[in-house]
$ cat start_38.tsv   # TSV, N, CA, C and O atoms
chain	number	residue	atom	x	y	z
P	21	MET	N	199.28	293.45	168.37
P	21	MET	CA	198.43	292.29	168.22
P	21	MET	C	197.36	292.56	167.16
P	21	MET	O	196.97	293.69	166.94
P	22	ILE	N	196.89	291.50	166.57
P	22	ILE	CA	195.81	291.64	165.61
P	22	ILE	C	194.49	291.47	166.34
P	22	ILE	O	194.39	290.72	167.32
P	23	THR	N	193.49	292.16	165.87
P	23	THR	CA	192.18	292.11	166.52
P	23	THR	C	191.47	290.82	166.15
P	23	THR	O	191.83	290.12	165.19
P	24	GLN	N	190.42	290.53	166.90
P	24	GLN	CA	189.63	289.32	166.65
P	24	GLN	C	188.99	289.38	165.26
P	24	GLN	O	188.90	288.35	164.58
P	25	GLU	N	188.55	290.58	164.84
P	25	GLU	CA	187.93	290.72	163.52
P	25	GLU	C	188.93	290.45	162.40
P	25	GLU	O	188.61	289.79	161.41
P	26	GLU	N	190.16	290.98	162.57
P	26	GLU	CA	191.20	290.74	161.56
P	26	GLU	C	191.53	289.26	161.47
P	26	GLU	O	191.67	288.72	160.37
P	27	GLN	N	191.62	288.61	162.62
P	27	GLN	CA	191.93	287.19	162.62
P	27	GLN	C	190.80	286.39	161.97
P	27	GLN	O	191.05	285.46	161.20
P	28	GLN	N	189.56	286.77	162.22
P	28	GLN	CA	188.43	286.05	161.62
P	28	GLN	C	188.40	286.26	160.10
P	28	GLN	O	188.09	285.34	159.36
P	29	LYS	N	188.77	287.45	159.63
P	29	LYS	CA	188.85	287.69	158.19
P	29	LYS	C	189.91	286.78	157.55
P	29	LYS	O	189.69	286.25	156.47
P	30	ILE	N	191.03	286.63	158.23
P	30	ILE	CA	192.09	285.76	157.72
P	30	ILE	C	191.61	284.32	157.67
P	30	ILE	O	191.82	283.61	156.68
P	31	ILE	N	190.93	283.88	158.72
P	31	ILE	CA	190.41	282.51	158.77
P	31	ILE	C	189.39	282.30	157.66
P	31	ILE	O	189.39	281.26	157.00
P	32	ASP	N	188.52	283.27	157.44
P	32	ASP	CA	187.51	283.15	156.39
P	32	ASP	C	188.16	283.08	155.01
P	32	ASP	O	187.68	282.36	154.13
P	33	ARG	N	189.24	283.82	154.82
P	33	ARG	CA	189.88	283.86	153.51
P	33	ARG	C	190.71	282.62	153.22
P	33	ARG	O	190.67	282.08	152.11
P	34	PHE	N	191.47	282.14	154.21
P	34	PHE	CA	192.41	281.06	153.96
P	34	PHE	C	191.98	279.72	154.55
P	34	PHE	O	192.56	278.69	154.21
P	35	GLY	N	191.02	279.71	155.47
P	35	GLY	CA	190.64	278.49	156.15
P	35	GLY	C	189.59	277.69	155.42
P	35	GLY	O	189.00	278.13	154.43
P	36	ASN	N	189.36	276.48	155.93
P	36	ASN	CA	188.35	275.60	155.36
P	36	ASN	C	187.00	275.75	156.05
P	36	ASN	O	186.02	275.20	155.60
P	37	GLY	N	186.95	276.47	157.16
P	37	GLY	CA	185.71	276.69	157.88
P	37	GLY	C	185.88	277.85	158.85
P	37	GLY	O	186.97	278.43	158.95
P	38	PRO	N	184.82	278.18	159.58
P	38	PRO	CA	184.89	279.36	160.47
P	38	PRO	C	185.81	279.18	161.67
P	38	PRO	O	186.23	280.16	162.27
P	39	ASN	N	186.11	277.94	162.04
P	39	ASN	CA	186.97	277.70	163.21
P	39	ASN	C	188.30	277.07	162.83
P	39	ASN	O	188.99	276.53	163.68
P	40	ASP	N	188.66	277.13	161.57
P	40	ASP	CA	189.88	276.48	161.08
P	40	ASP	C	191.09	277.37	161.33
P	40	ASP	O	191.34	278.31	160.61
P	41	THR	N	191.81	277.06	162.39
P	41	THR	CA	193.03	277.81	162.68
P	41	THR	C	194.27	276.94	162.59
P	41	THR	O	195.37	277.41	162.84
P	42	GLY	N	194.11	275.68	162.22
P	42	GLY	CA	195.23	274.75	162.25
P	42	GLY	C	195.92	274.53	160.93
P	42	GLY	O	197.04	274.05	160.91
P	43	THR	N	195.27	274.86	159.82
P	43	THR	CA	195.92	274.61	158.54
P	43	THR	C	197.12	275.54	158.38
P	43	THR	O	197.11	276.67	158.87
P	44	PRO	N	198.14	275.08	157.69
P	44	PRO	CA	199.34	275.91	157.54
P	44	PRO	C	199.05	277.26	156.88
P	44	PRO	O	199.67	278.26	157.24
P	45	GLU	N	198.11	277.30	155.93
P	45	GLU	CA	197.82	278.56	155.25
P	45	GLU	C	197.31	279.62	156.23
P	45	GLU	O	197.71	280.78	156.18
P	46	VAL	N	196.41	279.21	157.13
P	46	VAL	CA	195.86	280.15	158.10
P	46	VAL	C	196.95	280.60	159.06
P	46	VAL	O	197.09	281.80	159.35
P	47	GLN	N	197.75	279.67	159.53
P	47	GLN	CA	198.82	280.03	160.46
P	47	GLN	C	199.83	280.96	159.81
P	47	GLN	O	200.26	281.96	160.42
P	48	ILE	N	200.20	280.69	158.57
P	48	ILE	CA	201.14	281.54	157.85
P	48	ILE	C	200.57	282.95	157.68
P	48	ILE	O	201.27	283.95	157.88
P	49	ALA	N	199.29	283.04	157.33
P	49	ALA	CA	198.66	284.35	157.13
P	49	ALA	C	198.60	285.13	158.44
P	49	ALA	O	198.85	286.34	158.47
P	50	ILE	N	198.27	284.45	159.54
P	50	ILE	CA	198.22	285.13	160.84
P	50	ILE	C	199.62	285.57	161.26
P	50	ILE	O	199.80	286.71	161.73
P	51	PHE	N	200.61	284.71	161.07
P	51	PHE	CA	201.99	285.10	161.39
P	51	PHE	C	202.42	286.29	160.56
P	51	PHE	O	203.09	287.20	161.05
P	52	THR	N	202.04	286.32	159.29
P	52	THR	CA	202.42	287.42	158.41
P	52	THR	C	201.83	288.73	158.91
P	52	THR	O	202.51	289.77	158.94
P	53	LYS	N	200.57	288.70	159.31
P	53	LYS	CA	199.92	289.91	159.83
P	53	LYS	C	200.63	290.39	161.10
P	53	LYS	O	200.88	291.58	161.27
P	54	ARG	N	200.97	289.46	162.00
P	54	ARG	CA	201.67	289.83	163.23
P	54	ARG	C	203.07	290.36	162.92
P	54	ARG	O	203.54	291.31	163.57
P	55	ILE	N	203.74	289.76	161.95
P	55	ILE	CA	205.08	290.22	161.57
P	55	ILE	C	205.02	291.65	161.04
P	55	ILE	O	205.85	292.49	161.38
P	56	GLU	N	204.02	291.95	160.22
P	56	GLU	CA	203.86	293.31	159.71
P	56	GLU	C	203.64	294.30	160.85
P	56	GLU	O	204.22	295.39	160.86
P	57	HIS	N	202.82	293.92	161.82
P	57	HIS	CA	202.55	294.80	162.96
P	57	HIS	C	203.81	295.03	163.78
P	57	HIS	O	204.12	296.18	164.17
P	58	LEU	N	204.56	293.97	164.06
P	58	LEU	CA	205.78	294.12	164.86
P	58	LEU	C	206.85	294.91	164.12
P	58	LEU	O	207.61	295.66	164.74
P	59	THR	N	206.90	294.77	162.81
P	59	THR	CA	207.87	295.53	162.01
P	59	THR	C	207.58	297.02	162.11
P	59	THR	O	208.50	297.84	162.28
P	60	GLU	N	206.29	297.39	162.03
P	60	GLU	CA	205.92	298.80	162.18
P	60	GLU	C	206.30	299.30	163.57
P	60	GLU	O	206.78	300.43	163.73
P	61	HIS	N	206.07	298.48	164.59
P	61	HIS	CA	206.40	298.87	165.96
P	61	HIS	C	207.90	299.12	166.10
P	61	HIS	O	208.32	300.09	166.73
P	62	LEU	N	208.71	298.25	165.50
P	62	LEU	CA	210.15	298.39	165.63
P	62	LEU	C	210.70	299.59	164.86
P	62	LEU	O	211.78	300.08	165.20
P	63	GLU	N	209.98	300.05	163.85
P	63	GLU	CA	210.42	301.26	163.17
P	63	GLU	C	210.32	302.46	164.10
P	63	GLU	O	211.16	303.37	164.05
P	64	ASP	N	209.31	302.47	164.97
P	64	ASP	CA	209.14	303.56	165.92
P	64	ASP	C	209.99	303.37	167.18
P	64	ASP	O	210.36	304.34	167.84
P	65	HIS	N	210.27	302.12	167.55
P	65	HIS	CA	211.00	301.80	168.77
P	65	HIS	C	212.17	300.87	168.44
P	65	HIS	O	212.11	299.66	168.71
P	66	PRO	N	213.25	301.40	167.89
P	66	PRO	CA	214.34	300.54	167.42
P	66	PRO	C	215.11	299.83	168.52
P	66	PRO	O	215.79	298.85	168.25
P	67	ASN	N	215.01	300.27	169.75
P	67	ASN	CA	215.77	299.63	170.84
P	67	ASN	C	214.95	298.61	171.62
P	67	ASN	O	215.40	298.13	172.65
P	68	ASP	N	213.78	298.27	171.14
P	68	ASP	CA	212.92	297.30	171.81
P	68	ASP	C	213.37	295.89	171.44
P	68	ASP	O	212.86	295.25	170.53
P	69	ASN	N	214.36	295.39	172.18
P	69	ASN	CA	214.99	294.13	171.82
P	69	ASN	C	214.11	292.92	172.10
P	69	ASN	O	214.23	291.90	171.42
P	70	SER	N	213.24	292.99	173.09
P	70	SER	CA	212.37	291.85	173.36
P	70	SER	C	211.36	291.66	172.23
P	70	SER	O	211.04	290.53	171.85
P	71	THR	N	210.89	292.75	171.66
P	71	THR	CA	209.99	292.66	170.52
P	71	THR	C	210.74	292.14	169.30
P	71	THR	O	210.21	291.35	168.53
P	72	ARG	N	211.98	292.57	169.14
P	72	ARG	CA	212.79	292.08	168.02
P	72	ARG	C	212.98	290.57	168.13
P	72	ARG	O	212.89	289.85	167.14
P	73	ARG	N	213.20	290.08	169.34
P	73	ARG	CA	213.36	288.63	169.54
P	73	ARG	C	212.06	287.90	169.17
P	73	ARG	O	212.07	286.87	168.52
P	74	GLY	N	210.92	288.45	169.60
P	74	GLY	CA	209.65	287.85	169.25
P	74	GLY	C	209.40	287.85	167.75
P	74	GLY	O	208.86	286.89	167.19
P	75	LEU	N	209.81	288.92	167.09
P	75	LEU	CA	209.67	289.01	165.65
P	75	LEU	C	210.50	287.92	164.96
P	75	LEU	O	210.01	287.25	164.05
P	76	LEU	N	211.72	287.74	165.40
P	76	LEU	CA	212.58	286.71	164.81
P	76	LEU	C	212.00	285.31	165.03
P	76	LEU	O	212.09	284.45	164.15
P	77	ASP	N	211.39	285.07	166.19
P	77	ASP	CA	210.75	283.78	166.44
P	77	ASP	C	209.59	283.56	165.48
P	77	ASP	O	209.42	282.46	164.94
P	78	LEU	N	208.77	284.59	165.26
P	78	LEU	CA	207.63	284.48	164.33
P	78	LEU	C	208.10	284.23	162.90
P	78	LEU	O	207.50	283.42	162.19
P	79	VAL	N	209.14	284.92	162.50
P	79	VAL	CA	209.66	284.73	161.15
P	79	VAL	C	210.15	283.29	160.99
P	79	VAL	O	209.91	282.65	159.95
P	80	GLY	N	210.80	282.76	162.01
P	80	GLY	CA	211.26	281.38	161.96
P	80	GLY	C	210.13	280.38	161.89
P	80	GLY	O	210.17	279.41	161.13
P	81	LYS	N	209.07	280.60	162.67
P	81	LYS	CA	207.91	279.71	162.63
P	81	LYS	C	207.26	279.73	161.25
P	81	LYS	O	206.88	278.69	160.71
P	82	ARG	N	207.11	280.95	160.71
P	82	ARG	CA	206.50	281.07	159.38
P	82	ARG	C	207.36	280.37	158.33
P	82	ARG	O	206.86	279.67	157.46
P	83	ARG	N	208.67	280.52	158.44
P	83	ARG	CA	209.57	279.89	157.48
P	83	ARG	C	209.47	278.37	157.54
P	83	ARG	O	209.47	277.68	156.52
P	84	ARG	N	209.37	277.82	158.75
P	84	ARG	CA	209.24	276.37	158.90
P	84	ARG	C	207.93	275.87	158.28
P	84	ARG	O	207.91	274.82	157.62
P	85	LEU	N	206.84	276.61	158.48
P	85	LEU	CA	205.57	276.21	157.88
P	85	LEU	C	205.64	276.30	156.36
P	85	LEU	O	205.12	275.43	155.65
P	86	LEU	N	206.27	277.35	155.85
P	86	LEU	CA	206.42	277.48	154.40
P	86	LEU	C	207.27	276.35	153.84
P	86	LEU	O	206.97	275.81	152.77
P	87	ASN	N	208.33	275.99	154.55
P	87	ASN	CA	209.17	274.87	154.10
P	87	ASN	C	208.38	273.57	154.08
P	87	ASN	O	208.52	272.76	153.16
P	88	TYR	N	207.54	273.37	155.09
P	88	TYR	CA	206.70	272.16	155.14
P	88	TYR	C	205.79	272.10	153.92
P	88	TYR	O	205.68	271.07	153.26
P	89	LEU	N	205.12	273.21	153.64
P	89	LEU	CA	204.23	273.24	152.47
P	89	LEU	C	205.02	273.04	151.18
P	89	LEU	O	204.56	272.35	150.28
P	90	GLN	N	206.18	273.64	151.09
P	90	GLN	CA	206.96	273.52	149.87
P	90	GLN	C	207.39	272.08	149.63
P	90	GLN	O	207.39	271.61	148.49
P	91	GLU	N	207.72	271.37	150.67
P	91	GLU	CA	208.17	269.98	150.52
P	91	GLU	C	207.02	269.02	150.26
P	91	GLU	O	207.18	268.04	149.55
P	92	ASN	N	205.83	269.29	150.86
P	92	ASN	CA	204.75	268.32	150.82
P	92	ASN	C	203.58	268.71	149.91
P	92	ASN	O	202.92	267.81	149.38
P	93	GLU	N	203.30	269.98	149.77
P	93	GLU	CA	202.15	270.44	149.00
P	93	GLU	C	202.56	271.67	148.19
P	93	GLU	O	202.21	272.80	148.54
P	94	ILE	N	203.28	271.46	147.11
P	94	ILE	CA	203.89	272.57	146.37
P	94	ILE	C	202.85	273.55	145.82
P	94	ILE	O	203.09	274.76	145.82
P	95	GLU	N	201.70	273.07	145.40
P	95	GLU	CA	200.68	273.99	144.86
P	95	GLU	C	200.11	274.88	145.95
P	95	GLU	O	199.88	276.07	145.73
P	96	ARG	N	199.85	274.32	147.12
P	96	ARG	CA	199.37	275.12	148.23
P	96	ARG	C	200.42	276.16	148.64
P	96	ARG	O	200.10	277.30	148.98
P	97	TYR	N	201.69	275.75	148.58
P	97	TYR	CA	202.79	276.67	148.90
P	97	TYR	C	202.80	277.84	147.92
P	97	TYR	O	202.89	279.01	148.33
P	98	ARG	N	202.72	277.54	146.64
P	98	ARG	CA	202.75	278.61	145.64
P	98	ARG	C	201.56	279.54	145.79
P	98	ARG	O	201.69	280.76	145.63
P	99	THR	N	200.39	278.98	146.09
P	99	THR	CA	199.19	279.79	146.25
P	99	THR	C	199.33	280.77	147.41
P	99	THR	O	199.09	281.97	147.26
P	100	ILE	N	199.74	280.27	148.58
P	100	ILE	CA	199.85	281.14	149.75
P	100	ILE	C	200.97	282.15	149.57
P	100	ILE	O	200.84	283.32	149.97
P	101	ARG	N	202.06	281.75	148.95
P	101	ARG	CA	203.17	282.67	148.71
P	101	ARG	C	202.74	283.82	147.81
P	101	ARG	O	203.05	284.98	148.06
P	102	ASP	N	201.98	283.50	146.75
P	102	ASP	CA	201.53	284.53	145.83
P	102	ASP	C	200.46	285.43	146.45
P	102	ASP	O	200.48	286.64	146.25
P	103	GLU	N	199.53	284.85	147.21
P	103	GLU	CA	198.46	285.65	147.80
P	103	GLU	C	198.99	286.61	148.86
P	103	GLU	O	198.50	287.73	148.97
P	104	LEU	N	199.97	286.17	149.63
P	104	LEU	CA	200.54	287.04	150.68
P	104	LEU	C	201.71	287.86	150.18
P	104	LEU	O	202.27	288.66	150.94
P	105	GLU	N	202.09	287.67	148.92
P	105	GLU	CA	203.19	288.38	148.29
P	105	GLU	C	204.48	288.23	149.09
P	105	GLU	O	205.20	289.18	149.39
P	106	LEU	N	204.78	286.96	149.43
P	106	LEU	CA	206.02	286.64	150.14
P	106	LEU	C	207.08	286.31	149.12
P	106	LEU	O	206.79	285.70	148.09
P	107	ARG	N	208.30	286.65	149.39
P	107	ARG	CA	209.37	286.30	148.49
P	107	ARG	C	210.06	285.06	149.02
P	107	ARG	O	210.04	284.76	150.20
P	108	LYS	N	210.67	284.34	148.16
P	108	LYS	CA	211.40	283.14	148.55
P	108	LYS	C	212.86	283.44	148.62
P	108	LYS	O	213.42	284.10	147.81
$ encode --input "start_38.tsv" --output "structure tokens"
Amino acid sequence: MITQEEQQKIIDRFGNGPNDTGTPEVQIAIFTKRIEHLTEHLEDHPNDNSTRRGLLDLVGKRRRLLNYLQENEIERYRTIRDELELRK
């Protein structure tokens, strides 16, 4: 899990205000941080299938949000993709 401080840093960087957790950019950034953490966990524990399932769910949620931005707000999509260094 990500700490409260890490989450607040993400909100400050990508959000429109201190309590903005609903914009796609903030959600994508938080999902990315959680995905990185779960990926590290699975490198140490390769047989943890419940964590692998959770990881796949997060990747799917992030992909859907990225697709939404790509279809509706292409500039915001490009910005978040470049800042988080995500590949398409």
$ select_by_dssp --input "start_38.tsv" --residues "chain P" --states "helix (DSSP H, G or I)" --output "PyMOL selection string"
chain P and resi 24-34+44-64+69-92+94-104
$ closest_atom_pairs --input "start_38.tsv" --of "region 37-57 of chain P" --to "region 82-93 of chain P" --cutoff "8 Å" --atoms "only N, CA, C and O atoms" --output "CSV"
residue,atom,partner,partner_atom,distance
P:Pro44,CA,P:Leu85,O,6.1
P:Glu45,N,P:Leu85,O,7.3
P:Gln47,O,P:Arg82,CA,6.4
P:Ile48,CA,P:Arg82,CA,5.6
P:Ala49,N,P:Arg82,CA,7.8
P:Phe51,CA,P:Arg82,CA,6.4
P:Thr52,N,P:Arg82,CA,6.9
$ atom_distance --input "start_38.tsv" --atom1 "atom O of Ile55 (chain P)" --atom2 "atom O of Val79 (chain P)"
10.7 Å
$ atom_distance --input "start_38.tsv" --atom1 "CA of Asp64 (chain P)" --atom2 "atom N of Ile22 (chain P)"
17.2 Å
$ residues_around --input "start_38.tsv" --residues "Arg54 (chain P)" --least-positions-apart "5" --cutoff "12 Å" --atoms "only C-alpha atoms" --output "ChimeraX atom specification"
/P:21-23,26-27,30,47-49,59-61,71,74-79,81-82
$ atom_distance --input "start_38.tsv" --atom1 "CA of Arg96 (chain P)" --atom2 "atom O of Lys53 (chain P)"
21.1 Å
$ residues_around --input "start_38.tsv" --residues "Ile31 (chain P)" --least-positions-apart "6" --cutoff "8 Å" --atoms "only C-alpha atoms" --output "list of chain:residue names"
P:Gly37, P:Pro38, P:Asn39, P:Asp40, P:Thr41, P:Val46
